[in-house]
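Colleague: So I've got this file, structure10.csv, and it contains CSV, C-alpha atoms:
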chain,number,residue,atom,x,y,z
A,1,MET,CA,113.4,-114.4,19.3
A,2,PHE,CA,112.3,-110.8,19.4
A,3,GLN,CA,108.9,-110.1,21.0
A,4,PRO,CA,107.1,-107.0,20.1
A,5,LEU,CA,106.6,-104.6,23.0
A,6,VAL,CA,102.9,-104.6,24.2
A,7,THR,CA,101.9,-101.2,25.4
A,8,THR,CA,99.3,-100.8,28.1
A,9,PRO,CA,96.7,-98.1,27.3
A,10,SER,CA,96.5,-95.2,29.7
A,11,LEU,CA,93.7,-94.7,32.1
A,12,GLN,CA,92.7,-91.6,30.2
A,13,ALA,CA,92.5,-93.6,26.9
A,14,VAL,CA,90.4,-96.3,28.4
A,15,THR,CA,88.1,-93.8,30.0
A,16,GLU,CA,87.6,-91.9,26.8
A,17,SER,CA,86.7,-95.2,25.0
A,18,ILE,CA,83.9,-96.0,27.3
A,19,ILE,CA,80.4,-94.8,26.3
A,20,PHE,CA,78.5,-93.9,29.5
A,21,PRO,CA,74.7,-93.9,29.5
A,22,PRO,CA,73.2,-90.5,29.1
A,23,GLY,CA,72.1,-88.7,32.3
A,24,ASP,CA,68.6,-88.0,30.9
A,25,ILE,CA,67.2,-91.5,30.5
A,26,TYR,CA,64.2,-91.9,28.3
A,27,SER,CA,61.0,-93.5,29.6
A,28,ASP,CA,60.4,-97.1,28.6
A,29,GLU,CA,56.6,-97.5,28.9
A,30,PRO,CA,54.5,-99.7,26.7
A,31,PRO,CA,51.4,-98.4,24.9
A,32,LEU,CA,48.3,-97.8,27.0
A,33,GLU,CA,45.6,-100.3,27.4
A,34,SER,CA,42.8,-98.2,25.8
A,35,ASP,CA,41.6,-94.8,24.8
A,36,LEU,CA,39.9,-94.6,28.3
A,37,HIS,CA,43.3,-95.0,30.0
A,38,ARG,CA,45.0,-92.5,27.8
A,39,GLU,CA,42.2,-89.9,28.2
A,40,GLN,CA,42.1,-90.4,31.9
A,41,ILE,CA,45.8,-89.9,32.3
A,42,ASP,CA,45.8,-86.8,30.1
A,43,LEU,CA,42.8,-85.5,32.1
A,44,LEU,CA,44.6,-85.9,35.5
A,45,ILE,CA,47.7,-84.2,34.3
A,46,ARG,CA,45.9,-81.3,32.8
A,47,LEU,CA,43.8,-80.8,35.9
A,48,ILE,CA,46.6,-80.7,38.4
A,49,LYS,CA,48.8,-78.5,36.2
A,50,TRP,CA,46.0,-76.0,35.7
A,51,TRP,CA,45.0,-76.1,39.4
A,52,TRP,CA,48.6,-75.4,40.4
A,53,ARG,CA,49.4,-73.2,37.4
A,54,ASP,CA,50.9,-70.5,39.7
A,55,ARG,CA,53.2,-73.0,41.4
A,56,GLN,CA,56.7,-73.9,40.4
A,57,ASP,CA,57.5,-76.5,43.0
A,58,PHE,CA,56.0,-79.7,41.7
A,59,TYR,CA,56.2,-82.2,38.8
A,60,ALA,CA,53.1,-84.0,37.5
A,61,THR,CA,53.1,-86.5,34.7
A,62,GLY,CA,51.8,-89.9,33.5
A,63,ASN,CA,52.8,-93.1,31.7
A,64,LEU,CA,56.4,-92.4,32.6
A,65,THR,CA,59.1,-94.7,33.9
A,66,ILE,CA,60.6,-94.2,37.4
A,67,TYR,CA,64.2,-95.4,37.7
A,68,PHE,CA,65.3,-96.1,41.3
A,69,SER,CA,68.2,-98.5,41.2
A,70,PRO,CA,70.6,-98.0,44.1
A,71,ASN,CA,73.3,-98.8,41.7
A,72,GLN,CA,72.2,-96.1,39.4
A,73,LYS,CA,71.6,-98.5,36.5
A,74,LYS,CA,68.8,-98.1,33.9
A,75,SER,CA,68.4,-101.9,33.7
A,76,GLU,CA,67.7,-102.3,37.4
A,77,GLU,CA,64.8,-101.3,39.6
A,78,PHE,CA,62.4,-99.4,37.4
A,79,ARG,CA,58.6,-99.1,37.3
A,80,GLY,CA,56.1,-97.6,35.0
A,81,THR,CA,53.4,-95.4,36.7
A,82,ASP,CA,50.2,-94.2,35.1
A,83,PHE,CA,50.1,-90.9,37.0
A,84,PHE,CA,52.3,-89.4,39.7
A,85,VAL,CA,53.1,-86.1,41.4
A,86,VAL,CA,56.3,-85.1,43.1
A,87,LEU,CA,56.3,-82.1,45.4
A,88,ASP,CA,59.1,-79.7,46.3
A,89,THR,CA,60.9,-80.2,43.0
A,90,GLU,CA,61.6,-78.2,39.9
A,91,LYS,CA,58.7,-77.8,37.5
A,92,LYS,CA,60.2,-78.7,34.2
A,93,ASP,CA,59.8,-81.3,31.4
A,94,ARG,CA,61.6,-84.6,31.8
A,95,LYS,CA,62.1,-87.8,29.7
A,96,SER,CA,61.7,-90.0,32.8
A,97,TRP,CA,62.0,-89.7,36.6
A,98,VAL,CA,65.4,-90.8,37.7
A,99,VAL,CA,65.5,-90.9,41.5
A,100,TRP,CA,69.3,-90.6,41.8
A,101,GLN,CA,69.2,-87.4,39.6
A,102,GLU,CA,66.3,-85.9,41.6
A,103,ASP,CA,67.9,-85.7,45.1
A,104,GLY,CA,66.5,-89.1,45.9
A,105,LYS,CA,62.9,-87.9,45.7
A,106,TYR,CA,60.1,-90.3,45.0
A,107,PRO,CA,56.5,-89.5,44.1
A,108,ASN,CA,54.2,-88.1,46.8
A,109,VAL,CA,51.1,-89.3,45.0
A,110,ILE,CA,50.6,-92.2,42.6
A,111,ILE,CA,47.5,-93.2,40.7
A,112,GLU,CA,47.4,-96.4,38.8
A,113,LEU,CA,44.7,-97.2,36.3
A,114,LEU,CA,43.5,-100.8,36.5
A,115,SER,CA,43.0,-103.1,33.5
A,116,ASN,CA,42.6,-106.9,33.1
A,117,SER,CA,46.3,-107.3,32.5
A,118,THR,CA,47.6,-105.0,35.3
A,119,ALA,CA,45.1,-105.1,38.1
A,120,SER,CA,46.8,-107.9,40.1
A,121,VAL,CA,50.2,-106.2,39.8
A,122,ASP,CA,48.8,-102.7,40.7
A,123,LYS,CA,47.1,-104.2,43.8
A,124,GLY,CA,49.9,-106.4,44.8
A,125,LEU,CA,53.6,-105.9,43.8
A,126,LYS,CA,53.4,-102.3,42.9
A,127,LYS,CA,51.5,-101.5,46.1
A,128,GLN,CA,54.3,-103.1,48.1
A,129,ILE,CA,57.0,-101.3,46.2
A,130,TYR,CA,55.2,-97.9,46.6
A,131,GLN,CA,54.8,-98.6,50.3
A,132,ASN,CA,58.2,-100.2,51.2
A,133,THR,CA,60.6,-98.6,48.7
A,134,PHE,CA,59.0,-95.4,47.4
A,135,ARG,CA,57.3,-94.6,50.7
A,136,THR,CA,54.8,-92.7,48.6
A,137,PRO,CA,52.3,-91.2,51.1
A,138,ASP,CA,49.2,-91.4,48.9
A,139,TYR,CA,48.4,-94.3,46.6
A,140,PHE,CA,45.2,-94.7,44.6
A,141,TRP,CA,43.9,-97.1,41.9
A,142,PHE,CA,41.0,-96.5,39.6
A,143,ASP,CA,39.4,-98.7,37.0
A,144,PRO,CA,38.2,-96.6,34.0
A,145,ASN,CA,35.8,-99.5,33.0
A,146,ASN,CA,34.0,-100.4,36.2
A,147,LEU,CA,34.8,-97.2,38.1
A,148,GLU,CA,36.4,-99.0,41.0
A,149,LEU,CA,38.3,-96.5,43.2
A,150,GLN,CA,40.4,-97.2,46.3
A,151,GLY,CA,43.0,-95.1,48.1
A,152,PHE,CA,45.7,-95.6,50.7
A,153,HIS,CA,47.8,-93.4,53.0
A,154,ILE,CA,50.9,-94.5,54.8
A,155,VAL,CA,50.6,-94.7,58.6
A,156,ASP,CA,53.6,-95.9,60.5
A,157,GLY,CA,55.2,-97.3,57.3
A,158,GLN,CA,52.1,-99.2,56.2
A,159,TYR,CA,49.3,-98.4,53.8
A,160,GLN,CA,46.0,-97.9,55.5
A,161,GLN,CA,42.9,-97.9,53.3
A,162,LEU,CA,41.2,-94.5,53.1
A,163,VAL,CA,37.6,-94.3,54.2
A,164,ALA,CA,35.4,-92.6,51.6
A,165,THR,CA,32.9,-89.9,52.4
A,166,GLU,CA,29.2,-90.5,52.1
A,167,SER,CA,29.5,-89.3,48.5
A,168,GLY,CA,32.3,-91.8,47.8
A,169,TRP,CA,35.1,-89.2,47.8
A,170,LEU,CA,38.7,-90.0,48.9
A,171,TRP,CA,40.9,-87.4,50.5
A,172,SER,CA,44.5,-86.9,49.3
A,173,GLN,CA,46.5,-85.4,52.1
A,174,GLN,CA,49.4,-84.6,49.7
A,175,LEU,CA,47.3,-82.9,47.1
A,176,GLY,CA,44.9,-81.2,49.5
A,177,LEU,CA,42.1,-82.4,47.2
A,178,TYR,CA,39.4,-85.1,47.1
A,179,LEU,CA,39.4,-87.8,44.4
A,180,ALA,CA,36.0,-89.0,43.1
A,181,VAL,CA,34.2,-90.3,40.1
A,182,TYR,CA,32.4,-87.7,38.1
A,183,LEU,CA,30.6,-88.4,34.9
A,184,GLY,CA,32.5,-91.6,34.5
A,185,LYS,CA,36.0,-90.0,35.0
A,186,LEU,CA,38.3,-89.7,38.0
A,187,ARG,CA,38.3,-86.0,39.0
A,188,PHE,CA,39.6,-83.8,41.7
A,189,PHE,CA,37.4,-81.8,44.1
A,190,THR,CA,38.4,-78.9,46.5
A,191,PRO,CA,38.0,-79.3,50.3
A,192,ASP,CA,34.7,-77.4,50.1
A,193,GLY,CA,33.4,-79.7,47.4
A,194,GLN,CA,34.0,-77.7,44.2
A,195,LEU,CA,34.9,-79.5,41.0
A,196,VAL,CA,38.5,-78.8,39.8
A,197,MET,CA,37.9,-77.7,36.3
A,198,LEU,CA,39.9,-77.6,33.1
A,199,PRO,CA,40.4,-74.1,31.6
A,200,GLU,CA,37.8,-74.7,28.9
A,201,GLU,CA,35.3,-75.9,31.6
A,202,GLU,CA,36.0,-72.7,33.5
A,203,SER,CA,35.4,-70.7,30.3
A,204,ASN,CA,32.2,-72.5,29.6
A,205,GLN,CA,31.0,-72.0,33.2
A,206,GLN,CA,31.8,-68.3,33.0
A,207,LEU,CA,30.0,-68.1,29.6
A,208,GLN,CA,27.0,-69.8,31.2
A,209,GLN,CA,27.0,-67.3,34.1
A,210,VAL,CA,27.2,-64.4,31.7
A,211,ASN,CA,24.3,-65.9,29.7
A,212,GLN,CA,22.3,-66.4,32.8
A,213,GLN,CA,22.9,-62.8,33.9
A,214,LEU,CA,21.9,-61.6,30.4
A,215,GLU,CA,18.7,-63.7,30.6
A,216,GLN,CA,18.0,-62.2,34.1
A,217,THR,CA,18.6,-58.7,32.7
A,218,ASN,CA,16.3,-59.4,29.7
A,219,GLN,CA,13.6,-60.7,32.1
A,220,GLN,CA,13.9,-57.6,34.3
A,221,LEU,CA,13.6,-55.4,31.2
A,222,GLU,CA,10.6,-57.3,30.0
A,223,GLN,CA,9.0,-56.8,33.5
A,224,ALA,CA,9.8,-53.1,33.4
A,225,ASN,CA,8.3,-52.7,29.9
A,226,GLN,CA,5.2,-54.6,31.1
A,227,GLN,CA,4.9,-52.3,34.1
A,228,LEU,CA,5.3,-49.2,31.9
A,229,GLU,CA,2.6,-50.6,29.5
A,230,GLU,CA,0.2,-51.2,32.4
A,231,GLU,CA,0.9,-47.6,33.7
A,232,ARG,CA,0.2,-46.2,30.2
A,233,GLN,CA,-3.0,-48.1,30.0
A,234,ARG,CA,-4.1,-46.9,33.4
A,235,ALA,CA,-3.2,-43.4,32.5
A,236,ALA,CA,-5.3,-43.7,29.3
A,237,ILE,CA,-8.3,-45.0,31.2
A,238,LEU,CA,-8.0,-42.2,33.7
A,239,ALA,CA,-7.9,-39.6,30.9
A,240,GLU,CA,-11.0,-41.1,29.4
A,241,HIS,CA,-12.8,-40.8,32.8
A,242,LEU,CA,-11.7,-37.2,33.1
A,243,ARG,CA,-12.9,-36.3,29.7
A,244,ALA,CA,-16.3,-38.0,30.4
A,245,ALA,CA,-16.5,-35.8,33.5
A,246,GLY,CA,-15.9,-32.7,31.4
A,247,ILE,CA,-12.3,-32.2,32.5
A,248,ASP,CA,-9.5,-31.8,30.1
A,249,PRO,CA,-6.6,-34.1,31.3
A,250,GLU,CA,-4.1,-31.8,29.6
A,251,GLN,CA,-5.1,-28.9,31.8
A,252,ILE,CA,-4.4,-30.9,35.0
A,253,PHE,CA,-0.7,-31.4,34.5
What is this file in structure tokens?
Modeller:
Amino acid sequence: MFQPLVTTPSLQAVTESIIFPPGDIYSDEPPLESDLHREQIDLLIRLIKWWWRDRQDFYATGNLTIYFSPNQKKSEEFRGTDFFVVLDTEKKDRKSWVVWQEDGKYPNVIIELLSNSTASVDKGLKKQIYQNTFRTPDYFWFDPNNLELQGFHIVDGQYQQLVATESGWLWSQQLGLYLAVYLGKLRFFTPDGQLVMLPEEESNQQLQQVNQQLEQTNQQLEQANQQLEEERQRAAILAEHLRAAGIDPEQIF
């Protein structure tokens, strides 16, 4: 009985039929816990981008997935991070951070925002991953509700808890900035203790300084006018005395 000939597809045909995952993998993060968490993440991103606005060698983002599978698979080894900064990389927008597409780079700084549902993971499993796998030098966590702030820096492969200053500030070696709670928010401070401000805060500060200078100028003008008035009054009194003595003040000058 005649058997139909079964042809084996070519390697090229098989290859063309396979749909490979895209190189730019989308982030896969769930919604944030609350408005406080969203606002805090947005604040940190805006602050560091504005502070380093003249730099092109960093990436800062938040609520984004980090894919780090050694097998380069999206379904393996990924973690969501609330805020992180990668140094010595290209400053551009990304859909996620894919380690194997970023020259093997991991974040230099990570900040996790605690909540009732994530605190145990942030303080336990994630901390171990960031220490042992990511080797992220600076790791912080912050609770937007009770304002708990702790930080760690890797020393000899292990996270050592940072000692806060008398003001409760924690130093980030990687950012070259302090982290501290200010008016209920986690903020950055310069080494000399100046608040890192948003552009609108800088504008408001400059406007306040201009208003203060105008107020000082107005006060100086008022003082000058008052002195002129006092001099005019003294001149008038002197003129009256001269006239009483039979001297015409107009003839003196």
Colleague: Would you kindly return, as number ranges by chain, each protein, DNA or RNA residue with an atom no farther than 12 Å from any atom of Ile41 of chain A, considering only C-alpha atoms and excluding same-chain residues fewer than 6 positions away?
Modeller: A: 32-35, 47-48, 60-64, 81-84, 110-114, 142-144, 185-187
Colleague: Atom CA of Asp192 of chain A and atom CA of Ala164 of chain A, how far apart in Å?
Modeller: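 Separating atom CA of Ala164 of chain A from atom CA of Asp192 of chain A is a distance of 15.3 Å.
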Colleague: Point out the residue among A:Ser167, A:Gln174, A:Thr133, A:Ser69 with the least atom-to-atom distance to Val86 of chain A, counting only C-alpha atoms.
Modeller: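 Under the stated criterion, the closest residue is A:Gln174.
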Colleague: Quote the spacing between atom CA of Ser172 of chain A and atom CA of Leu44 of chain A in Å to one decimal place.
Modeller: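 Computed distance, atom CA of Ser172 of chain A to atom CA of Leu44 of chain A, equals 13.8 Å.
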Colleague: To one decimal place, how far is atom CA of Pro107 of chain A from atom CA of Lys92 of chain A in Å?
Modeller: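 Straight-line distance from atom CA of Pro107 of chain A to atom CA of Lys92 of chain A works out to 15.1 Å.
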Colleague: So that I can check the surroundings of segment 248-251 of chain A, please list as JSON, numbers by chain every protein, DNA and RNA residue that reaches within 7 Å of it, counting all atoms listed in the file and ignoring chain neighbours fewer than 3 positions away.
Modeller: {"A": [239, 242, 243]}
Colleague: If we count only C-alpha atoms and set the cut-off at 10 Å, which residues sit around Lys105 of chain A, ignoring sequence neighbours fewer than 2 positions away in its own chain? Please answer as a list in words.
Modeller: Phe68, Val86, Leu87, Asp88, Thr89, Trp97, Val98, Val99, Trp100, Gln101, Glu102, Asp103, Pro107, Asn108, Phe134 and Thr136 of chain A
Colleague: Which residues are near Gln150 of chain A? Cut-off 9 Å, all atoms listed in the file, ignore same chain within fewer than 6 positions. Put them as a VMD selection string.
Modeller: chain A and resid 139 to 142 161 to 164 170
Colleague: In terms of the shortest atom-to-atom distance over only C-alpha atoms, which of A:Ile252, A:Val181, A:Ala119, A:Leu238 is closest to Leu147 of chain A?
Modeller: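 Closest residue, counting only C-alpha atoms: A:Val181.
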Colleague: Taking only all heavy atoms, show segment 90-105 of chain A of the given structure as a PDB file, in the first residue's frame.
Modeller:
ATOM      1  N   GLU A  90      22.161  54.355  30.658  1.00  0.00           N
ATOM      2  CA  GLU A  90      21.573  55.361  29.779  1.00  0.00           C
ATOM      3  C   GLU A  90      20.282  55.915  30.370  1.00  0.00           C
ATOM      4  O   GLU A  90      19.425  55.162  30.835  1.00  0.00           O
ATOM      5  CB  GLU A  90      21.291  54.750  28.401  1.00  0.00           C
ATOM      6  CG  GLU A  90      20.776  55.757  27.385  1.00  0.00           C
ATOM      7  CD  GLU A  90      20.537  55.129  26.022  1.00  0.00           C
ATOM      8  OE1 GLU A  90      20.780  53.920  25.871  1.00  0.00           O
ATOM      9  OE2 GLU A  90      20.085  55.863  25.114  1.00  0.00           O
ATOM     10  N   LYS A  91      20.150  57.212  30.333  1.00  0.00           N
ATOM     11  CA  LYS A  91      18.944  57.869  30.825  1.00  0.00           C
ATOM     12  C   LYS A  91      17.902  57.871  29.709  1.00  0.00           C
ATOM     13  O   LYS A  91      17.948  58.669  28.771  1.00  0.00           O
ATOM     14  CB  LYS A  91      19.277  59.303  31.262  1.00  0.00           C
ATOM     15  CG  LYS A  91      18.121  60.054  31.894  1.00  0.00           C
ATOM     16  CD  LYS A  91      18.558  61.455  32.282  1.00  0.00           C
ATOM     17  CE  LYS A  91      17.460  62.255  32.927  1.00  0.00           C
ATOM     18  NZ  LYS A  91      17.895  63.624  33.279  1.00  0.00           N
ATOM     19  N   LYS A  92      16.942  56.961  29.804  1.00  0.00           N
ATOM     20  CA  LYS A  92      15.878  56.855  28.812  1.00  0.00           C
ATOM     21  C   LYS A  92      14.681  56.156  29.457  1.00  0.00           C
ATOM     22  O   LYS A  92      14.807  55.516  30.510  1.00  0.00           O
ATOM     23  CB  LYS A  92      16.344  56.062  27.584  1.00  0.00           C
ATOM     24  CG  LYS A  92      16.651  54.596  27.881  1.00  0.00           C
ATOM     25  CD  LYS A  92      17.046  53.847  26.624  1.00  0.00           C
ATOM     26  CE  LYS A  92      17.280  52.357  26.919  1.00  0.00           C
ATOM     27  NZ  LYS A  92      17.647  51.593  25.713  1.00  0.00           N
ATOM     28  N   ASP A  93      13.520  56.276  28.831  1.00  0.00           N
ATOM     29  CA  ASP A  93      12.324  55.620  29.337  1.00  0.00           C
ATOM     30  C   ASP A  93      12.376  54.130  29.053  1.00  0.00           C
ATOM     31  O   ASP A  93      12.893  53.690  28.012  1.00  0.00           O
ATOM     32  CB  ASP A  93      11.072  56.222  28.693  1.00  0.00           C
ATOM     33  CG  ASP A  93      10.833  57.664  29.124  1.00  0.00           C
ATOM     34  OD1 ASP A  93      11.309  58.027  30.221  1.00  0.00           O
ATOM     35  OD2 ASP A  93      10.190  58.399  28.373  1.00  0.00           O
ATOM     36  N   ARG A  94      11.821  53.345  29.982  1.00  0.00           N
ATOM     37  CA  ARG A  94      11.787  51.900  29.835  1.00  0.00           C
ATOM     38  C   ARG A  94      10.431  51.372  30.288  1.00  0.00           C
ATOM     39  O   ARG A  94       9.755  51.992  31.113  1.00  0.00           O
ATOM     40  CB  ARG A  94      12.899  51.236  30.668  1.00  0.00           C
ATOM     41  CG  ARG A  94      14.314  51.535  30.176  1.00  0.00           C
ATOM     42  CD  ARG A  94      15.342  51.108  31.209  1.00  0.00           C
ATOM     43  NE  ARG A  94      16.717  51.145  30.743  1.00  0.00           N
ATOM     44  CZ  ARG A  94      17.486  52.229  30.746  1.00  0.00           C
ATOM     45  NH1 ARG A  94      16.996  53.391  31.181  1.00  0.00           N
ATOM     46  NH2 ARG A  94      18.732  52.182  30.322  1.00  0.00           N
ATOM     47  N   LYS A  95      10.045  50.192  29.778  1.00  0.00           N
ATOM     48  CA  LYS A  95       8.805  49.542  30.191  1.00  0.00           C
ATOM     49  C   LYS A  95       9.016  48.683  31.432  1.00  0.00           C
ATOM     50  O   LYS A  95       8.063  48.356  32.146  1.00  0.00           O
ATOM     51  CB  LYS A  95       8.265  48.680  29.049  1.00  0.00           C
ATOM     52  CG  LYS A  95       7.907  49.488  27.803  1.00  0.00           C
ATOM     53  CD  LYS A  95       7.532  48.576  26.658  1.00  0.00           C
ATOM     54  CE  LYS A  95       7.217  49.384  25.401  1.00  0.00           C
ATOM     55  NZ  LYS A  95       6.909  48.530  24.235  1.00  0.00           N
ATOM     56  N   SER A  96      10.237  48.292  31.662  1.00  0.00           N
ATOM     57  CA  SER A  96      10.637  47.511  32.832  1.00  0.00           C
ATOM     58  C   SER A  96      12.163  47.513  32.851  1.00  0.00           C
ATOM     59  O   SER A  96      12.799  47.997  31.920  1.00  0.00           O
ATOM     60  CB  SER A  96      10.090  46.076  32.754  1.00  0.00           C
ATOM     61  OG  SER A  96      10.590  45.428  31.592  1.00  0.00           O
ATOM     62  N   TRP A  97      12.727  46.954  33.934  1.00  0.00           N
ATOM     63  CA  TRP A  97      14.186  46.830  33.983  1.00  0.00           C
ATOM     64  C   TRP A  97      14.537  45.357  33.791  1.00  0.00           C
ATOM     65  O   TRP A  97      14.250  44.525  34.640  1.00  0.00           O
ATOM     66  CB  TRP A  97      14.749  47.347  35.308  1.00  0.00           C
ATOM     67  CG  TRP A  97      16.248  47.327  35.317  1.00  0.00           C
ATOM     68  CD1 TRP A  97      17.066  46.354  35.819  1.00  0.00           C
ATOM     69  CD2 TRP A  97      17.114  48.322  34.761  1.00  0.00           C
ATOM     70  NE1 TRP A  97      18.381  46.674  35.613  1.00  0.00           N
ATOM     71  CE2 TRP A  97      18.447  47.887  34.962  1.00  0.00           C
ATOM     72  CE3 TRP A  97      16.901  49.541  34.117  1.00  0.00           C
ATOM     73  CZ2 TRP A  97      19.549  48.622  34.548  1.00  0.00           C
ATOM     74  CZ3 TRP A  97      17.999  50.268  33.697  1.00  0.00           C
ATOM     75  CH2 TRP A  97      19.300  49.806  33.923  1.00  0.00           C
ATOM     76  N   VAL A  98      15.137  45.057  32.641  1.00  0.00           N
ATOM     77  CA  VAL A  98      15.486  43.687  32.283  1.00  0.00           C
ATOM     78  C   VAL A  98      17.005  43.563  32.388  1.00  0.00           C
ATOM     79  O   VAL A  98      17.734  44.087  31.547  1.00  0.00           O
ATOM     80  CB  VAL A  98      14.999  43.341  30.864  1.00  0.00           C
ATOM     81  CG1 VAL A  98      15.274  41.872  30.564  1.00  0.00           C
ATOM     82  CG2 VAL A  98      13.514  43.656  30.726  1.00  0.00           C
ATOM     83  N   VAL A  99      17.462  42.879  33.414  1.00  0.00           N
ATOM     84  CA  VAL A  99      18.890  42.865  33.743  1.00  0.00           C
ATOM     85  C   VAL A  99      19.732  42.378  32.573  1.00  0.00           C
ATOM     86  O   VAL A  99      20.784  42.946  32.269  1.00  0.00           O
ATOM     87  CB  VAL A  99      19.142  42.007  35.003  1.00  0.00           C
ATOM     88  CG1 VAL A  99      20.634  41.795  35.220  1.00  0.00           C
ATOM     89  CG2 VAL A  99      18.522  42.678  36.223  1.00  0.00           C
ATOM     90  N   TRP A 100      19.277  41.325  31.898  1.00  0.00           N
ATOM     91  CA  TRP A 100      20.110  40.770  30.821  1.00  0.00           C
ATOM     92  C   TRP A 100      20.145  41.666  29.580  1.00  0.00           C
ATOM     93  O   TRP A 100      20.929  41.433  28.667  1.00  0.00           O
ATOM     94  CB  TRP A 100      19.652  39.351  30.453  1.00  0.00           C
ATOM     95  CG  TRP A 100      18.240  39.218  29.954  1.00  0.00           C
ATOM     96  CD1 TRP A 100      17.792  39.367  28.679  1.00  0.00           C
ATOM     97  CD2 TRP A 100      17.088  38.888  30.741  1.00  0.00           C
ATOM     98  NE1 TRP A 100      16.448  39.160  28.604  1.00  0.00           N
ATOM     99  CE2 TRP A 100      15.988  38.849  29.852  1.00  0.00           C
ATOM    100  CE3 TRP A 100      16.878  38.615  32.084  1.00  0.00           C
ATOM    101  CZ2 TRP A 100      14.692  38.550  30.284  1.00  0.00           C
ATOM    102  CZ3 TRP A 100      15.595  38.312  32.516  1.00  0.00           C
ATOM    103  CH2 TRP A 100      14.522  38.280  31.629  1.00  0.00           C
ATOM    104  N   GLN A 101      19.293  42.682  29.549  1.00  0.00           N
ATOM    105  CA  GLN A 101      19.339  43.646  28.448  1.00  0.00           C
ATOM    106  C   GLN A 101      20.024  44.951  28.869  1.00  0.00           C
ATOM    107  O   GLN A 101      20.117  45.884  28.083  1.00  0.00           O
ATOM    108  CB  GLN A 101      17.913  43.959  27.969  1.00  0.00           C
ATOM    109  CG  GLN A 101      17.209  42.769  27.351  1.00  0.00           C
ATOM    110  CD  GLN A 101      15.775  43.075  26.978  1.00  0.00           C
ATOM    111  OE1 GLN A 101      15.262  44.158  27.255  1.00  0.00           O
ATOM    112  NE2 GLN A 101      15.115  42.115  26.357  1.00  0.00           N
ATOM    113  N   GLU A 102      20.485  44.984  30.120  1.00  0.00           N
ATOM    114  CA  GLU A 102      21.102  46.204  30.670  1.00  0.00           C
ATOM    115  C   GLU A 102      22.524  45.922  31.148  1.00  0.00           C
ATOM    116  O   GLU A 102      22.967  46.442  32.171  1.00  0.00           O
ATOM    117  CB  GLU A 102      20.257  46.748  31.822  1.00  0.00           C
ATOM    118  CG  GLU A 102      18.824  47.075  31.456  1.00  0.00           C
ATOM    119  CD  GLU A 102      18.691  48.345  30.628  1.00  0.00           C
ATOM    120  OE1 GLU A 102      19.711  49.040  30.450  1.00  0.00           O
ATOM    121  OE2 GLU A 102      17.574  48.654  30.172  1.00  0.00           O
ATOM    122  N   ASP A 103      23.242  45.104  30.389  1.00  0.00           N
ATOM    123  CA  ASP A 103      24.630  44.774  30.709  1.00  0.00           C
ATOM    124  C   ASP A 103      24.785  44.170  32.100  1.00  0.00           C
ATOM    125  O   ASP A 103      25.818  44.344  32.761  1.00  0.00           O
ATOM    126  CB  ASP A 103      25.527  46.020  30.601  1.00  0.00           C
ATOM    127  CG  ASP A 103      25.531  46.612  29.194  1.00  0.00           C
ATOM    128  OD1 ASP A 103      25.492  45.819  28.232  1.00  0.00           O
ATOM    129  OD2 ASP A 103      25.561  47.843  29.069  1.00  0.00           O
ATOM    130  N   GLY A 104      23.732  43.473  32.550  1.00  0.00           N
ATOM    131  CA  GLY A 104      23.802  42.796  33.842  1.00  0.00           C
ATOM    132  C   GLY A 104      23.712  43.728  35.037  1.00  0.00           C
ATOM    133  O   GLY A 104      23.997  43.310  36.163  1.00  0.00           O
ATOM    134  N   LYS A 105      23.310  44.975  34.822  1.00  0.00           N
ATOM    135  CA  LYS A 105      23.262  45.946  35.913  1.00  0.00           C
ATOM    136  C   LYS A 105      22.022  45.763  36.784  1.00  0.00           C
ATOM    137  O   LYS A 105      20.917  45.552  36.285  1.00  0.00           O
ATOM    138  CB  LYS A 105      23.280  47.375  35.362  1.00  0.00           C
ATOM    139  CG  LYS A 105      24.607  47.801  34.758  1.00  0.00           C
ATOM    140  CD  LYS A 105      24.538  49.243  34.303  1.00  0.00           C
ATOM    141  CE  LYS A 105      25.875  49.715  33.743  1.00  0.00           C
ATOM    142  NZ  LYS A 105      26.919  49.745  34.785  1.00  0.00           N
TER     143      LYS A 105
END
